[in-house]
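Colleague: Here you go, one structure.
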Amino acid sequence: MTAFRLAPGVAQAFPDTLVALVTADGLRGREPWPAATAALDDLERRVADGTWAPADEADPRIEAWHAAYRAFGTNPRRLRPSVDALGRRLAKKGVLPRITPAVDAYNAVSVAHGLPAGAFDLDRVSGGVAIRHAEGTEAFTPLGQPDTVEAPRPGEIVYADEAGVLTRHWNHRDAHRTRVTEDSARAVFILETVRGGQDGAEVKSAVADLRELLAPHCDRTGVHRLDAGNPEAVV
């Protein structure tokens, strides 16, 4: 079991934060995930025919994340929230990356709903996880760069466990150590907003869509939420 906690300092600075934690046990990442593939294909097709476009900086959901990044000292146009970066890539290139089935699933849900998403392999997490301000002494190894070690700035919001930082700039980039691979058996998928009052229904819908993509390829799924009034959950 892994405890997740929204630190008081983050809840105070961003009181409308809402984080949904979707767990999947018994993942089978090496089998075909046709629905996840179809979800990505559908987004690309709708962009190509002009019937839909991903949320951009003018969208209140993205605008709110830009404001949050600026509030903790990160330039959101240089280091973009994950959903903003994915949406821009889709709008400019017409395609989204194919990584692993589980990652493809949450990327599709993220872009479709305009919400940042990420995931951790729970078997690689050390102790509990906190969404907190960095102290400036932590270590972070970026996804895809196992030989690189960075030090988040003091005050930057991060996800961190007992061994180090799991995401930088809240949701800009994930760590290499806890990445979800085709061999991950237990994972937690994260969907989040800093506008819980306005985006609560969107988060609920995104959670339902993600569980639908995960369910055929795992033994069970579960859902927990974090917010200012409920800052801790054990998954």
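Letters for chains follow the order of the structure tokens (A, B, ...), residue numbers begin at 1 for each chain, and ligand numbers begin at 1 in the order shown.
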Could you give me, as CSV, every stretch 33-107 of chain A residue with an atom at most 12 Å from stretch 196-201 of chain A, plus its closest atom pair and distance in Å to one decimal, counting only C-alpha atoms, rows ordered by chain then number?

Modeller:
residue,atom,partner,partner_atom,distance
A:Pro60,CA,A:Gln198,CA,9.7
A:Arg61,CA,A:Asp199,CA,7.9
A:Ile62,CA,A:Asp199,CA,11.6
A:Ala64,CA,A:Gly196,CA,11.0

Colleague: Where does stretch 5-60 of chain A meet stretch 231-234 of chain A within 12 Å, residue by residue, with the nearest atom pair and distance in Å to one decimal for each, counting only C-alpha atoms, listed by chain and rising number, as JSON lines?

Modeller:
{"residue": "A:Arg5", "atom": "CA", "partner": "A:Glu232", "partner_atom": "CA", "distance": 4.4}
{"residue": "A:Leu6", "atom": "CA", "partner": "A:Pro231", "partner_atom": "CA", "distance": 4.9}
{"residue": "A:Ala7", "atom": "CA", "partner": "A:Pro231", "partner_atom": "CA", "distance": 7.2}
{"residue": "A:Pro8", "atom": "CA", "partner": "A:Pro231", "partner_atom": "CA", "distance": 8.1}
{"residue": "A:Gly9", "atom": "CA", "partner": "A:Pro231", "partner_atom": "CA", "distance": 11.2}
{"residue": "A:Val10", "atom": "CA", "partner": "A:Pro231", "partner_atom": "CA", "distance": 10.2}
{"residue": "A:Ala11", "atom": "CA", "partner": "A:Pro231", "partner_atom": "CA", "distance": 8.1}
{"residue": "A:Gln12", "atom": "CA", "partner": "A:Pro231", "partner_atom": "CA", "distance": 11.3}
{"residue": "A:Pro15", "atom": "CA", "partner": "A:Pro231", "partner_atom": "CA", "distance": 10.9}
{"residue": "A:Asp16", "atom": "CA", "partner": "A:Pro231", "partner_atom": "CA", "distance": 11.7}
{"residue": "A:Thr17", "atom": "CA", "partner": "A:Pro231", "partner_atom": "CA", "distance": 9.9}
{"residue": "A:Leu18", "atom": "CA", "partner": "A:Pro231", "partner_atom": "CA", "distance": 9.6}
{"residue": "A:Val19", "atom": "CA", "partner": "A:Pro231", "partner_atom": "CA", "distance": 9.5}
{"residue": "A:Ala20", "atom": "CA", "partner": "A:Ala233", "partner_atom": "CA", "distance": 10.3}
{"residue": "A:Leu21", "atom": "CA", "partner": "A:Ala233", "partner_atom": "CA", "distance": 8.9}
{"residue": "A:Val22", "atom": "CA", "partner": "A:Ala233", "partner_atom": "CA", "distance": 11.5}
{"residue": "A:Thr23", "atom": "CA", "partner": "A:Val234", "partner_atom": "CA", "distance": 10.6}

Colleague: Go ahead and write the selection's residues with N, CA, C and O atoms as a CSV table (one decimal), in the first residue's frame.

Modeller:
chain,number,residue,atom,x,y,z
A,5,ARG,N,-0.2,12.1,-0.4
A,5,ARG,CA,-0.6,13.2,0.4
A,5,ARG,C,-0.5,14.5,-0.3
A,5,ARG,O,0.6,14.8,-1.0
A,6,LEU,N,-1.5,15.4,-0.2
A,6,LEU,CA,-1.4,16.7,-0.7
A,6,LEU,C,-0.9,17.6,0.5
A,6,LEU,O,-1.6,17.8,1.5
A,7,ALA,N,0.3,18.1,0.4
A,7,ALA,CA,0.9,18.8,1.5
A,7,ALA,C,0.1,20.1,1.8
A,7,ALA,O,-0.4,20.7,0.9
A,8,PRO,N,0.1,20.5,3.1
A,8,PRO,CA,-0.7,21.7,3.5
A,8,PRO,C,-0.3,22.9,2.7
A,8,PRO,O,-1.1,23.7,2.4
A,9,GLY,N,1.0,23.1,2.4
A,9,GLY,CA,1.5,24.3,1.7
A,9,GLY,C,0.9,24.4,0.3
A,9,GLY,O,0.6,25.5,-0.2
A,10,VAL,N,0.8,23.2,-0.4
A,10,VAL,CA,0.2,23.2,-1.7
A,10,VAL,C,-1.3,23.4,-1.6
A,10,VAL,O,-1.8,24.2,-2.4
A,11,ALA,N,-1.9,22.8,-0.7
A,11,ALA,CA,-3.4,23.0,-0.5
A,11,ALA,C,-3.7,24.5,-0.2
A,11,ALA,O,-4.7,25.0,-0.7
A,12,GLN,N,-2.8,25.1,0.6
A,12,GLN,CA,-3.1,26.5,0.9
A,12,GLN,C,-2.9,27.4,-0.3
A,12,GLN,O,-3.6,28.3,-0.6
A,15,PRO,N,-6.0,26.1,-3.3
A,15,PRO,CA,-7.0,25.5,-2.5
A,15,PRO,C,-8.0,24.7,-3.4
A,15,PRO,O,-8.8,23.9,-2.8
A,16,ASP,N,-8.1,24.9,-4.7
A,16,ASP,CA,-9.1,24.2,-5.5
A,16,ASP,C,-8.4,23.0,-6.2
A,16,ASP,O,-9.0,22.5,-7.2
A,17,THR,N,-7.3,22.6,-5.7
A,17,THR,CA,-6.6,21.4,-6.3
A,17,THR,C,-7.5,20.2,-6.2
A,17,THR,O,-8.0,19.9,-5.1
A,18,LEU,N,-7.6,19.4,-7.2
A,18,LEU,CA,-8.3,18.1,-7.2
A,18,LEU,C,-7.4,17.1,-8.0
A,18,LEU,O,-7.1,17.3,-9.1
A,19,VAL,N,-7.0,16.0,-7.3
A,19,VAL,CA,-6.2,15.0,-7.9
A,19,VAL,C,-7.0,13.7,-7.8
A,19,VAL,O,-7.3,13.2,-6.7
A,20,ALA,N,-7.1,13.0,-9.0
A,20,ALA,CA,-7.7,11.7,-9.0
A,20,ALA,C,-6.6,10.7,-9.2
A,20,ALA,O,-5.8,10.8,-10.1
A,21,LEU,N,-6.7,9.6,-8.3
A,21,LEU,CA,-5.7,8.6,-8.4
A,21,LEU,C,-6.4,7.3,-8.8
A,21,LEU,O,-7.3,6.8,-8.1
A,22,VAL,N,-6.1,6.8,-10.0
A,22,VAL,CA,-6.7,5.6,-10.6
A,22,VAL,C,-5.7,4.5,-10.5
A,22,VAL,O,-4.6,4.6,-11.1
A,23,THR,N,-6.0,3.5,-9.7
A,23,THR,CA,-5.0,2.4,-9.6
A,23,THR,C,-5.4,1.2,-10.5
A,23,THR,O,-6.6,1.0,-10.8

Colleague: Show me, as a Markdown table, the residues of stretch 28-70 of chain A having an atom within 10 Å of stretch 161-172 of chain A, each with the closest atom pair and its distance in Å, using only C-alpha atoms.

Modeller:
| residue | atom | partner | partner_atom | distance |
| --- | --- | --- | --- | --- |
| A:Trp65 | CA | A:Asn171 | CA | 9.6 |
| A:Ala68 | CA | A:Trp170 | CA | 9.4 |
| A:Tyr69 | CA | A:His169 | CA | 7.2 |

Colleague: Store the residues of this selection in a file with all heavy atoms, as a PDB file, in the first residue's frame.

Modeller:
ATOM      1  N   TRP A  65      -3.328  26.257 -15.310  1.00  0.00           N
ATOM      2  CA  TRP A  65      -2.028  25.632 -15.041  1.00  0.00           C
ATOM      3  C   TRP A  65      -0.880  26.586 -15.313  1.00  0.00           C
ATOM      4  O   TRP A  65       0.124  26.593 -14.575  1.00  0.00           O
ATOM      5  CB  TRP A  65      -1.882  24.345 -15.859  1.00  0.00           C
ATOM      6  CG  TRP A  65      -2.589  23.200 -15.222  1.00  0.00           C
ATOM      7  CD1 TRP A  65      -3.719  22.562 -15.662  1.00  0.00           C
ATOM      8  CD2 TRP A  65      -2.227  22.548 -14.001  1.00  0.00           C
ATOM      9  NE1 TRP A  65      -4.076  21.572 -14.783  1.00  0.00           N
ATOM     10  CE2 TRP A  65      -3.176  21.541 -13.762  1.00  0.00           C
ATOM     11  CE3 TRP A  65      -1.186  22.727 -13.079  1.00  0.00           C
ATOM     12  CZ2 TRP A  65      -3.131  20.701 -12.639  1.00  0.00           C
ATOM     13  CZ3 TRP A  65      -1.127  21.904 -11.962  1.00  0.00           C
ATOM     14  CH2 TRP A  65      -2.086  20.907 -11.753  1.00  0.00           C
ATOM     15  N   ALA A  68      -0.636  28.691 -12.307  1.00  0.00           N
ATOM     16  CA  ALA A  68      -0.050  27.946 -11.192  1.00  0.00           C
ATOM     17  C   ALA A  68       1.458  27.829 -11.353  1.00  0.00           C
ATOM     18  O   ALA A  68       2.214  28.028 -10.384  1.00  0.00           O
ATOM     19  CB  ALA A  68      -0.684  26.555 -11.108  1.00  0.00           C
ATOM     20  N   TYR A  69       1.919  27.514 -12.557  1.00  0.00           N
ATOM     21  CA  TYR A  69       3.363  27.406 -12.794  1.00  0.00           C
ATOM     22  C   TYR A  69       4.060  28.730 -12.466  1.00  0.00           C
ATOM     23  O   TYR A  69       5.102  28.748 -11.804  1.00  0.00           O
ATOM     24  CB  TYR A  69       3.623  27.026 -14.251  1.00  0.00           C
ATOM     25  CG  TYR A  69       3.675  25.552 -14.527  1.00  0.00           C
ATOM     26  CD1 TYR A  69       2.738  24.668 -13.985  1.00  0.00           C
ATOM     27  CD2 TYR A  69       4.645  25.019 -15.365  1.00  0.00           C
ATOM     28  CE1 TYR A  69       2.781  23.311 -14.255  1.00  0.00           C
ATOM     29  CE2 TYR A  69       4.704  23.661 -15.645  1.00  0.00           C
ATOM     30  CZ  TYR A  69       3.770  22.813 -15.082  1.00  0.00           C
ATOM     31  OH  TYR A  69       3.823  21.469 -15.346  1.00  0.00           O
TER      32      TYR A  69
END

Colleague: Check the smallest atom-to-atom distance from each of A:Arg78, A:His113, A:Arg98, A:Arg89 to A:Ser205 using only C-alpha atoms, then report the winner.

Modeller: A:His113

Colleague: Applying 9 Å and only C-alpha atoms, which residues near A:Ala39 remain after dropping the ones on its own chain fewer than 3 positions away? List them as a list in words.

Modeller: Pro34, Ala35, Ala36, Asp42, Leu43, Glu44, Asp104, Ala105, Ala108, Val109 and Ala112 of chain A

Colleague: Write the residues you've just listed into a file as a compact mmCIF listing (two decimals), in the first residue's frame, and include N, CA and C atoms for each of them.

Modeller:
# COMPACT_ATOMS: atom_id res chain seq x y z
N PRO A 34 -6.35 -2.58 -28.10
CA PRO A 34 -6.96 -1.94 -29.28
C PRO A 34 -7.75 -0.67 -28.96
N ALA A 35 -8.38 -0.61 -27.81
CA ALA A 35 -9.18 0.58 -27.49
C ALA A 35 -8.29 1.80 -27.25
N ALA A 36 -7.13 1.60 -26.64
CA ALA A 36 -6.19 2.71 -26.43
C ALA A 36 -5.67 3.21 -27.77
N ASP A 42 -8.49 8.24 -33.04
CA ASP A 42 -9.67 9.08 -33.14
C ASP A 42 -9.33 10.56 -32.93
N LEU A 43 -8.47 10.83 -31.94
CA LEU A 43 -8.07 12.22 -31.72
C LEU A 43 -7.34 12.77 -32.94
N GLU A 44 -6.44 11.99 -33.49
CA GLU A 44 -5.68 12.44 -34.66
C GLU A 44 -6.60 12.66 -35.86
N ASP A 104 -0.07 5.17 -23.49
CA ASP A 104 -0.92 5.66 -24.58
C ASP A 104 -2.35 5.91 -24.08
N ALA A 105 -2.83 5.03 -23.20
CA ALA A 105 -4.19 5.19 -22.67
C ALA A 105 -4.35 6.48 -21.90
N ALA A 108 -4.12 9.60 -24.17
CA ALA A 108 -5.36 9.85 -24.92
C ALA A 108 -6.40 10.53 -24.04
N VAL A 109 -6.55 10.05 -22.82
CA VAL A 109 -7.52 10.63 -21.90
C VAL A 109 -7.12 12.06 -21.52
N ALA A 112 -7.82 14.37 -24.53
CA ALA A 112 -9.26 14.46 -24.80
C ALA A 112 -9.98 15.35 -23.79

Colleague: Measuring between only C-alpha atoms, which one of A:Leu122, A:Met1, A:Ala117, A:Val158 shows the shortest distance to A:Glu135?

Modeller: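 Closest residue, counting only C-alpha atoms: A:Val158.
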
Colleague: From the DSSP assignment of the backbone, select every residue of stretch 23-228 of chain A that is helix (DSSP H, G or I), and format the answer as a count of residues only.

Modeller: 77

Colleague: To one decimal place, how far is atom CA of A:Gly118 from atom CA of A:Ala208 in Å?

Modeller: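 These two atoms are separated by 15.7 Å.
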
Colleague: Could you name the residues that touch A:Ala187 at 9 Å or less, counting only C-alpha atoms, but leaving out those on the same chain fewer than 5 positions away, as an mmCIF file with N, CA and C atoms, in the first residue's frame?

Modeller:
data_model
loop_
_atom_site.group_PDB
_atom_site.id
_atom_site.type_symbol
_atom_site.label_atom_id
_atom_site.label_comp_id
_atom_site.auth_asym_id
_atom_site.auth_seq_id
_atom_site.Cartn_x
_atom_site.Cartn_y
_atom_site.Cartn_z
ATOM 1 N N VAL A 22 -6.085 6.828 -10.023
ATOM 2 C CA VAL A 22 -6.699 5.618 -10.579
ATOM 3 C C VAL A 22 -5.675 4.502 -10.502
ATOM 4 N N THR A 23 -5.972 3.466 -9.728
ATOM 5 C CA THR A 23 -5.036 2.365 -9.580
ATOM 6 C C THR A 23 -5.413 1.201 -10.500
ATOM 7 N N ALA A 24 -4.390 0.476 -10.929
ATOM 8 C CA ALA A 24 -4.603 -0.721 -11.741
ATOM 9 C C ALA A 24 -3.669 -1.807 -11.236
ATOM 10 N N ASP A 25 -4.235 -2.925 -10.826
ATOM 11 C CA ASP A 25 -3.462 -4.077 -10.352
ATOM 12 C C ASP A 25 -3.546 -5.205 -11.372
ATOM 13 N N GLY A 26 -2.442 -5.951 -11.488
ATOM 14 C CA GLY A 26 -2.425 -7.044 -12.442
ATOM 15 C C GLY A 26 -2.398 -6.569 -13.885
ATOM 16 N N LEU A 27 -1.701 -5.465 -14.143
ATOM 17 C CA LEU A 27 -1.620 -4.946 -15.505
ATOM 18 C C LEU A 27 -0.980 -5.961 -16.451
ATOM 19 N N ALA A 119 1.663 8.767 -14.504
ATOM 20 C CA ALA A 119 1.536 7.462 -13.868
ATOM 21 C C ALA A 119 2.845 7.071 -13.209
ATOM 22 N N PHE A 120 2.735 6.279 -12.138
ATOM 23 C CA PHE A 120 3.898 5.718 -11.462
ATOM 24 C C PHE A 120 3.725 4.212 -11.355
ATOM 25 N N ASP A 121 4.817 3.491 -11.547
ATOM 26 C CA ASP A 121 4.863 2.069 -11.246
ATOM 27 C C ASP A 121 4.963 1.935 -9.729
ATOM 28 N N LEU A 122 3.927 1.424 -9.099
ATOM 29 C CA LEU A 122 3.889 1.386 -7.632
ATOM 30 C C LEU A 122 4.949 0.471 -7.041
ATOM 31 N N ASP A 123 5.425 -0.490 -7.805
ATOM 32 C CA ASP A 123 6.472 -1.360 -7.295
ATOM 33 C C ASP A 123 7.836 -0.682 -7.294
ATOM 34 N N VAL A 180 6.110 3.865 -16.029
ATOM 35 C CA VAL A 180 5.284 2.693 -16.303
ATOM 36 C C VAL A 180 5.741 2.082 -17.621
#

Colleague: Could you pull out the residues in stretch 14-189 of chain A that DSSP calls strand (DSSP E) from the backbone, as a PyMOL selection string?

Modeller: chain A and resi 18-25+117-121+129-133+157-161+164-168+173-174+186-189

Colleague: Save the residues we just selected, C-alpha atoms, as a PDB file, in the first residue's frame?

Modeller:
ATOM      1  CA  LEU A  18      -8.261  18.100  -7.205  1.00  0.00           C
ATOM      2  CA  VAL A  19      -6.207  14.982  -7.891  1.00  0.00           C
ATOM      3  CA  ALA A  20      -7.749  11.686  -8.996  1.00  0.00           C
ATOM      4  CA  LEU A  21      -5.684   8.553  -8.386  1.00  0.00           C
ATOM      5  CA  VAL A  22      -6.699   5.618 -10.579  1.00  0.00           C
ATOM      6  CA  THR A  23      -5.036   2.365  -9.580  1.00  0.00           C
ATOM      7  CA  ALA A  24      -4.603  -0.721 -11.741  1.00  0.00           C
ATOM      8  CA  ASP A  25      -3.462  -4.077 -10.352  1.00  0.00           C
ATOM      9  CA  ALA A 117      -2.069  13.017 -16.530  1.00  0.00           C
ATOM     10  CA  GLY A 118       0.802  10.819 -15.420  1.00  0.00           C
ATOM     11  CA  ALA A 119       1.536   7.462 -13.868  1.00  0.00           C
ATOM     12  CA  PHE A 120       3.898   5.718 -11.462  1.00  0.00           C
ATOM     13  CA  ASP A 121       4.863   2.069 -11.246  1.00  0.00           C
ATOM     14  CA  VAL A 129       4.271  10.108  -2.071  1.00  0.00           C
ATOM     15  CA  ALA A 130       3.698  13.791  -1.343  1.00  0.00           C
ATOM     16  CA  ILE A 131       2.686  16.651  -3.617  1.00  0.00           C
ATOM     17  CA  ARG A 132       4.775  19.349  -2.001  1.00  0.00           C
ATOM     18  CA  HIS A 133       7.151  22.243  -2.464  1.00  0.00           C
ATOM     19  CA  ILE A 157       6.016  21.886  -6.707  1.00  0.00           C
ATOM     20  CA  VAL A 158       6.895  18.225  -7.129  1.00  0.00           C
ATOM     21  CA  TYR A 159       5.650  14.740  -6.481  1.00  0.00           C
ATOM     22  CA  ALA A 160       8.238  13.074  -4.237  1.00  0.00           C
ATOM     23  CA  ASP A 161       8.683   9.784  -2.422  1.00  0.00           C
ATOM     24  CA  GLY A 164      13.580  11.398  -4.558  1.00  0.00           C
ATOM     25  CA  VAL A 165      11.436  13.469  -6.878  1.00  0.00           C
ATOM     26  CA  LEU A 166       8.939  11.697  -9.156  1.00  0.00           C
ATOM     27  CA  THR A 167       7.797  14.704 -11.208  1.00  0.00           C
ATOM     28  CA  ARG A 168       9.221  18.177 -11.715  1.00  0.00           C
ATOM     29  CA  ARG A 173       8.047  15.711 -16.575  1.00  0.00           C
ATOM     30  CA  ASP A 174       8.113  12.317 -14.855  1.00  0.00           C
ATOM     31  CA  ARG A 186       0.803  -2.276 -10.407  1.00  0.00           C
ATOM     32  CA  ALA A 187       0.411   1.351 -11.345  1.00  0.00           C
ATOM     33  CA  VAL A 188      -1.310   4.519 -10.241  1.00  0.00           C
ATOM     34  CA  PHE A 189      -2.563   6.923 -12.907  1.00  0.00           C
TER      35      PHE A 189
END

Colleague: A:Ala175, A:Phe14, A:Phe72, A:Asp183: which is nearest A:Gln145, counting only C-alpha atoms?

Modeller: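 Closest candidate: A:Ala175.
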
Colleague: For a test of reading the model, state the distance in Å between atom CA of A:Ala206 and atom CA of A:Ala134, rounded to one decimal.

Modeller: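 Result for atom CA of A:Ala206 versus atom CA of A:Ala134: 28.4 Å, one decimal.
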
Colleague: Given the choices A:Gly29, A:Gly222, A:Gly87, A:Pro152, which gets closest to A:Ala102 if the distance is worked out from only C-alpha atoms?

Modeller: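 Once distances to A:Ala102 are computed over only C-alpha atoms, the minimum belongs to A:Gly29.
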
Colleague: What's the separation between atom CA of A:Cys218 and atom CA of A:Asn107, in Å to one decimal place?

Modeller: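 Spanning atom CA of A:Cys218 to atom CA of A:Asn107 is a straight-line distance of 17.9 Å.
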
Colleague: Kindly indicate which residue among A:Ala67, A:Leu90, A:Val83, A:Ala38 lies nearest to A:Glu192, using only C-alpha atoms for the distances.

Modeller: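 When distances to A:Glu192 are compared using only C-alpha atoms, the smallest one comes from A:Val83.
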
Colleague: Between A:Ala185, A:Leu115, A:Ile190, A:Val223, which one has atoms that come closest to A:Arg28, using only C-alpha atoms?

Modeller: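 Among the listed residues, A:Ala185 lies closest to A:Arg28.
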